[in-house]
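*Asks:* Pasting protein-v1.cif here (mmCIF, C-alpha atoms and all ligand atoms):
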data_model
loop_
_atom_site.label_atom_id
_atom_site.label_comp_id
_atom_site.auth_asym_id
_atom_site.auth_seq_id
_atom_site.Cartn_x
_atom_site.Cartn_y
_atom_site.Cartn_z
CA MET Z 1 8.65 -60.68 40.08
CA ASN Z 2 8.74 -62.77 43.23
CA TRP Z 3 7.43 -61.79 46.67
CA GLU Z 4 10.87 -60.89 48.10
CA SER Z 5 11.70 -58.49 45.30
CA THR Z 6 8.16 -57.07 45.43
CA LYS Z 7 8.72 -56.29 49.13
CA GLN Z 8 12.09 -54.69 48.34
CA TYR Z 9 10.54 -52.47 45.66
CA ALA Z 10 7.67 -51.49 47.95
CA TYR Z 11 10.15 -50.56 50.66
CA LYS Z 12 12.18 -48.43 48.25
CA ILE Z 13 9.08 -46.72 46.88
CA PHE Z 14 7.97 -45.66 50.36
CA SER Z 15 11.38 -44.79 51.80
CA ARG Z 16 12.75 -42.58 49.00
CA LEU Z 17 12.97 -38.82 49.42
CA TRP Z 18 12.08 -36.93 46.24
CA VAL Z 19 13.09 -33.50 45.02
CA GLN Z 20 12.02 -31.34 42.09
CA TRP Z 21 14.27 -28.91 40.24
CA VAL Z 22 12.98 -25.32 40.26
CA HIS Z 23 14.08 -22.66 37.76
CA GLU Z 24 11.85 -19.68 38.40
CA GLY Z 25 10.55 -17.45 35.62
CA THR Z 26 10.20 -20.03 32.82
CA TYR Z 27 7.72 -22.80 32.10
CA PRO Z 28 8.84 -26.44 32.29
CA ALA Z 29 9.71 -27.98 28.92
CA GLU Z 30 7.41 -31.01 28.63
CA THR Z 31 8.39 -32.05 25.11
CA SER Z 32 11.64 -32.58 23.19
CA GLY Z 33 10.56 -29.68 20.94
CA LYS Z 34 10.36 -27.35 23.93
CA LYS Z 35 13.73 -28.60 25.19
CA MET Z 36 15.18 -27.87 21.76
CA LEU Z 37 13.63 -24.39 21.82
CA ASN Z 38 15.26 -23.74 25.21
CA THR Z 39 18.68 -24.64 23.85
CA ILE Z 40 18.19 -22.22 20.94
CA LEU Z 41 16.78 -19.45 23.16
CA GLY Z 42 19.56 -20.01 25.67
CA THR Z 43 22.14 -19.52 22.92
CA LEU Z 44 20.50 -16.39 21.49
CA ILE Z 45 19.28 -14.78 24.71
CA SER Z 46 21.81 -15.19 27.47
CA SER Z 47 19.49 -14.36 30.40
CA HIS Z 48 18.55 -18.00 31.07
CA CYS Z 49 20.72 -21.09 30.96
CA PRO Z 50 19.26 -23.86 28.71
CA GLN Z 51 20.52 -26.58 31.07
CA CYS Z 52 18.60 -25.04 34.00
CA MET Z 53 15.48 -24.34 31.91
CA ASN Z 54 15.45 -27.96 30.75
CA LEU Z 55 15.84 -29.26 34.30
CA ASN Z 56 12.96 -27.09 35.51
CA GLY Z 57 10.25 -29.33 37.00
CA CYS Z 58 12.25 -32.56 36.69
CA CYS Z 59 11.99 -34.98 39.61
CA PHE Z 60 14.72 -37.09 41.20
CA VAL Z 61 15.35 -39.09 44.33
CA LYS Z 62 17.39 -36.91 46.64
CA GLU Z 63 20.61 -38.94 46.51
CA LYS Z 64 20.54 -39.28 42.70
CA ALA Z 65 19.92 -35.76 41.48
CA PRO Z 66 21.91 -33.03 39.74
CA SER Z 67 22.72 -30.35 42.30
CA PRO Z 68 22.36 -26.59 41.90
CA PRO Z 69 24.05 -24.19 41.40
CA LEU Z 70 25.21 -25.32 37.96
CA HIS Z 71 26.95 -22.08 37.03
CA ASP Z 72 27.65 -18.53 38.24
CA HIS Z 73 24.42 -16.68 39.08
CA CYS Z 74 22.37 -19.90 38.96
CA HIS Z 75 19.30 -19.28 41.13
CA CYS Z 76 17.88 -22.78 40.75
CA TYR Z 77 16.98 -24.80 43.81
CA MET Z 78 15.52 -28.14 44.76
CA SER Z 79 12.06 -28.36 46.27
CA ASP Z 80 11.06 -31.36 48.40
CA ILE Z 81 8.11 -33.29 46.99
CA SER Z 82 6.19 -36.26 48.38
CA GLY Z 83 6.88 -38.52 45.39
CA ILE Z 84 6.10 -38.97 41.72
CA ASN Z 85 3.43 -40.48 39.56
CA PRO Z 86 5.71 -41.78 36.80
CA VAL Z 87 4.78 -41.26 33.16
CA VAL Z 88 6.90 -43.36 30.82
CA GLU Z 89 7.06 -42.89 27.08
CA CYS Z 90 8.69 -45.62 25.07
CA PRO Z 91 8.14 -45.18 21.31
CA THR Z 92 7.71 -48.49 19.43
CA GLU Z 93 9.84 -46.96 16.63
CA LYS Z 94 12.86 -47.20 18.94
CA PHE Z 95 12.62 -50.94 18.26
CA SER Z 96 10.90 -51.24 14.86
CA GLY Z 97 12.89 -48.37 13.31
CA TYR Z 98 16.16 -48.53 15.22
CA ILE Z 99 17.04 -51.76 17.07
CA PHE Z 100 15.64 -53.93 14.26
CA SER Z 101 16.68 -51.59 11.45
CA GLU Z 102 19.08 -53.14 8.93
CA ASN Z 103 21.31 -50.10 8.69
CA LYS Z 104 20.90 -48.16 11.94
CA SER Z 105 21.19 -50.73 14.68
CA GLY Z 106 24.97 -51.28 14.61
CA GLY Z 107 24.80 -54.92 15.61
CA LYS Z 108 21.94 -54.54 18.09
CA LYS Z 109 19.55 -56.27 15.69
CA ASP Z 110 21.71 -59.42 15.74
CA LEU Z 111 21.95 -59.24 19.51
CA PHE Z 112 18.19 -58.96 20.10
CA GLU Z 113 17.58 -61.68 17.50
CA SER Z 114 20.06 -63.95 19.27
CA TRP Z 115 17.83 -63.63 22.35
CA GLY Z 116 14.80 -64.57 20.21
CA TYR Z 117 13.31 -61.10 19.65
CA ASN Z 118 12.39 -59.87 16.19
CA ILE Z 119 10.83 -56.79 14.64
CA ILE Z 120 7.35 -58.24 15.25
CA ASP Z 121 8.10 -58.04 19.00
CA SER Z 122 8.60 -54.25 18.85
CA THR Z 123 5.26 -53.45 20.54
CA VAL Z 124 5.79 -56.10 23.22
CA LEU Z 125 9.32 -54.80 23.91
CA ALA Z 126 8.09 -51.21 24.14
CA GLN Z 127 5.46 -52.32 26.67
CA GLU Z 128 7.97 -54.34 28.68
CA PHE Z 129 10.46 -51.45 28.75
CA THR Z 130 7.63 -49.13 29.84
CA ASN Z 131 6.59 -51.40 32.72
CA GLN Z 132 10.14 -51.98 33.96
CA ALA Z 133 11.15 -48.32 33.64
CA LYS Z 134 8.01 -47.17 35.47
CA LEU Z 135 8.77 -49.38 38.45
CA ALA Z 136 12.49 -48.51 38.38
CA TYR Z 137 11.92 -44.74 38.29
CA LEU Z 138 9.14 -44.92 40.89
CA SER Z 139 11.44 -46.77 43.28
CA GLY Z 140 14.50 -44.61 42.49
CA GLU Z 141 16.33 -47.54 40.93
CA TYR Z 142 18.17 -45.60 38.25
CA TYR Z 143 21.65 -44.21 37.62
CA LEU Z 144 22.36 -40.58 36.81
CA GLY Z 145 23.63 -40.24 33.25
CA ASN Z 146 24.85 -37.37 31.12
CA LEU Z 147 23.70 -33.84 31.92
CA ASP Z 148 23.90 -31.26 29.14
CA GLN Z 149 21.89 -28.38 27.68
CA PHE Z 150 19.01 -30.76 26.78
CA GLY Z 151 18.73 -31.95 30.36
CA GLN Z 152 19.46 -34.90 32.58
CA ARG Z 153 19.61 -38.44 31.29
CA ILE Z 154 19.17 -41.48 33.53
CA SER Z 155 20.04 -45.14 32.96
CA ILE Z 156 17.71 -47.96 33.88
CA LEU Z 157 18.50 -51.66 33.95
CA ILE Z 158 16.19 -53.77 31.77
CA THR Z 159 15.96 -57.54 32.15
CA LEU Z 160 14.47 -59.69 29.40
CA PRO Z 161 13.83 -63.42 29.35
CA ARG Z 162 15.52 -65.20 26.47
CA LYS Z 163 12.98 -66.48 23.96
CA VAL Z 164 15.70 -68.70 22.54
CA GLY Z 165 17.24 -70.91 25.21
CA THR Z 166 16.78 -70.20 28.89
CA GLY Z 167 17.72 -67.51 31.38
CA THR Z 168 17.68 -63.75 31.16
CA VAL Z 169 19.76 -60.88 29.80
CA SER Z 170 20.14 -57.56 31.60
CA PHE Z 171 21.36 -54.38 29.98
CA VAL Z 172 21.30 -50.62 30.40
CA SER Z 173 18.73 -48.40 28.70
CA GLY Z 174 18.92 -44.60 28.44
CA TRP Z 175 16.10 -42.16 29.26
CA MET Z 176 15.68 -38.38 29.21
CA VAL Z 177 14.04 -36.84 32.27
CA TYR Z 178 11.08 -34.52 31.66
CA PRO Z 179 9.08 -32.45 34.17
CA ASN Z 180 6.67 -33.90 36.70
CA GLY Z 181 7.73 -37.54 36.71
CA LYS Z 182 7.99 -38.11 32.97
CA ILE Z 183 10.83 -39.99 31.26
CA ILE Z 184 11.22 -40.77 27.56
CA LEU Z 185 13.34 -43.58 26.14
CA THR Z 186 16.32 -42.28 24.17
CA MET Z 187 18.54 -45.37 23.92
CA PRO Z 188 17.02 -48.88 24.17
CA TYR Z 189 20.36 -50.66 24.49
CA GLY Z 190 23.52 -49.21 26.02
CA GLY Z 191 25.55 -52.28 26.83
CA LYS Z 192 25.09 -55.68 28.40
CA ILE Z 193 25.46 -56.02 32.14
CA HIS Z 194 24.51 -59.51 33.14
CA GLU Z 195 23.33 -62.84 31.83
CA THR Z 196 21.83 -65.86 33.53
CA ALA Z 197 21.97 -69.32 32.05
ZN ZN L 201 20.20 -22.57 37.30
#
Before we go any further, please render this structure as structure tokens.
*Replies:*
Amino acid sequence: MNWESTKQYAYKIFSRLWVQWVHEGTYPAETSGKKMLNTILGTLISSHCPQCMNLNGCCFVKEKAPSPPLHDHCHCYMSDISGINPVVECPTEKFSGYIFSENKSGGKKDLFESWGYNIIDSTVLAQEFTNQAKLAYLSGEYYLGNLDQFGQRISILITLPRKVGTGTVSFVSGWMVYPNGKIILTMPYGGKIHETA
């Protein structure tokens, strides 16, 4: 990253206003297992809405956040916070067992290989995605994605240098938001955005 873009990121990091979703009376769901449990509990016991329980504790920049109320009798609210300390989880298996899988990748394997990345790069890609997503989330450089009973997804732009040829490729990646500044990669590749020669 060059000095100009470093300055732009620094400015964004310090100028963003952050909010945290509050659903009183339940604990934040920090794992996908707990999110899943909320969706089951929400279906069986109608007193709490799974969508709201799974948003509980999640952090967003003010202008890119889901907004309560989400339904009748929703008592959720947004609390102002000073910022986040991002925690990014990017499982290597998303690359080794999905992108580079013979039968699961749906053409993504060929795409990544055309850029010069192979299954042996899975760890490197996971690290690169982690670094880029951490900076993007910290500076509020994300797009709001689908919101459902599991929670809020966000999209983050990833840029990779071509290992074959020159230039870069940029594409969208999908992440699930978890409480207290945590995001977990759900979809490594969601469509190409931009290429440089
Ligand atoms: Zn609610």
*Asks:* Have a look at CA of Lys182 in chain Z and CA of Ser96 in chain Z and let me know their distance in Å, one decimal.
*Replies:* 22.6 Å
*Asks:* Given the choices Z:Pro69, Z:Gly97, Z:Gly33, Z:Pro86, which gets closest to ligand ZN 201 (chain L) if the distance is worked out from only C-alpha atoms and all ligand atoms?
*Replies:* Z:Pro69
*Asks:* Show me, as a Markdown table, the residues of chain Z having an atom within 7 Å of ligand ZN 201 (chain L), each with the closest atom pair and its distance in Å, using all atoms listed in the file.
*Replies:*
| residue | atom | partner | partner_atom | distance |
| --- | --- | --- | --- | --- |
| Z:His23 | CA | L:ZN201 | ZN | 6.1 |
| Z:Cys49 | CA | L:ZN201 | ZN | 6.5 |
| Z:Cys52 | CA | L:ZN201 | ZN | 4.4 |
| Z:Pro68 | CA | L:ZN201 | ZN | 6.5 |
| Z:Pro69 | CA | L:ZN201 | ZN | 5.9 |
| Z:Leu70 | CA | L:ZN201 | ZN | 5.8 |
| Z:His71 | CA | L:ZN201 | ZN | 6.8 |
| Z:Cys74 | CA | L:ZN201 | ZN | 3.8 |
| Z:His75 | CA | L:ZN201 | ZN | 5.1 |
| Z:Cys76 | CA | L:ZN201 | ZN | 4.2 |
*Asks:* Please produce a file of the residues just selected, as a PDB file, keeping the file's coordinate frame, where the atoms kept are C-alpha atoms.
*Replies:*
ATOM      1  CA  HIS Z  23      14.080 -22.660  37.760  1.00  0.00           C
ATOM      2  CA  CYS Z  49      20.720 -21.090  30.960  1.00  0.00           C
ATOM      3  CA  CYS Z  52      18.600 -25.040  34.000  1.00  0.00           C
ATOM      4  CA  PRO Z  68      22.360 -26.590  41.900  1.00  0.00           C
ATOM      5  CA  PRO Z  69      24.050 -24.190  41.400  1.00  0.00           C
ATOM      6  CA  LEU Z  70      25.210 -25.320  37.960  1.00  0.00           C
ATOM      7  CA  HIS Z  71      26.950 -22.080  37.030  1.00  0.00           C
ATOM      8  CA  CYS Z  74      22.370 -19.900  38.960  1.00  0.00           C
ATOM      9  CA  HIS Z  75      19.300 -19.280  41.130  1.00  0.00           C
ATOM     10  CA  CYS Z  76      17.880 -22.780  40.750  1.00  0.00           C
TER      11      CYS Z  76
END
*Asks:* Using all atoms listed in the file, which of Z:Thr186, Z:Asn131, Z:Ser15, Z:Ser139 sits nearest Ser155 in chain Z?
*Replies:* Z:Thr186
*Asks:* Ranking Z:Ile183, Z:Ala126, Z:Leu144, Z:Ile158 by minimum distance to Phe171 in chain Z and counting all atoms listed in the file, which one comes first?
*Replies:* Z:Ile158
*Asks:* Please write out, as JSON, where the centre of an axis-aligned box around all listed atoms of range 108-127 of chain Z lies and how long its edges are, in Å to one decimal, after adding 6 Å on each side.
*Replies:*
{"center_x": 13.6, "center_y": -57.9, "center_z": 20.7, "size_x": 28.7, "size_y": 25.4, "size_z": 24.0}
*Asks:* So the first atom is CA of Val22 in chain Z and the second is CA of Leu44 in chain Z; what is the distance between them in Å, to one decimal place?
*Replies:* 22.1 Å
*Asks:* Using only C-alpha atoms, pick whichever of Z:Gln127, Z:Asn56, Z:Ser47, Z:Thr31 has the shortest atom-to-atom distance to Lys94 in chain Z.
*Replies:*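 Among the listed residues, Z:Gln127 lies closest to Lys94 in chain Z.
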*Asks:* So how many Å separate CA of Ser67 in chain Z and CA of Leu55 in chain Z, to one decimal?
*Replies:*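 Separating CA of Ser67 in chain Z from CA of Leu55 in chain Z is a distance of 10.6 Å.
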*Asks:* Compare Z:Asn118, Z:Ser105, Z:Asn146, Z:Thr130 by their minimum atom-to-atom distance to Cys90 in chain Z, counting all atoms listed in the file, and give me the closest one.
*Replies:*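 Comparing Z:Asn118, Z:Ser105, Z:Asn146, Z:Thr130 against Cys90 in chain Z, the winner is Z:Thr130.
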*Asks:* Within 12 Å of (14.4, -27.0, 37.1) (file coordinates; all atoms listed in the file), which protein or nucleic acid residues are there? I'd like them as a PyMOL selection string.
*Replies:* chain Z and resi 19-30+48-60+65-70+74-79+150-152+177-180
*Asks:* Measuring atom to atom with all atoms listed in the file, identify which of Z:Leu17, Z:Ala133, Z:Leu160, Z:Val124 is nearest to Ile193 in chain Z.
*Replies:*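 The shortest atom-to-atom distance to Ile193 in chain Z comes from Z:Leu160.
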*Asks:* What lies within 12 Å of Gly167 in chain Z using all atoms listed in the file, ignoring chain neighbours under 6 positions off, as a ChimeraX atom specification?
*Replies:* /Z:115-116,159-161,194-197
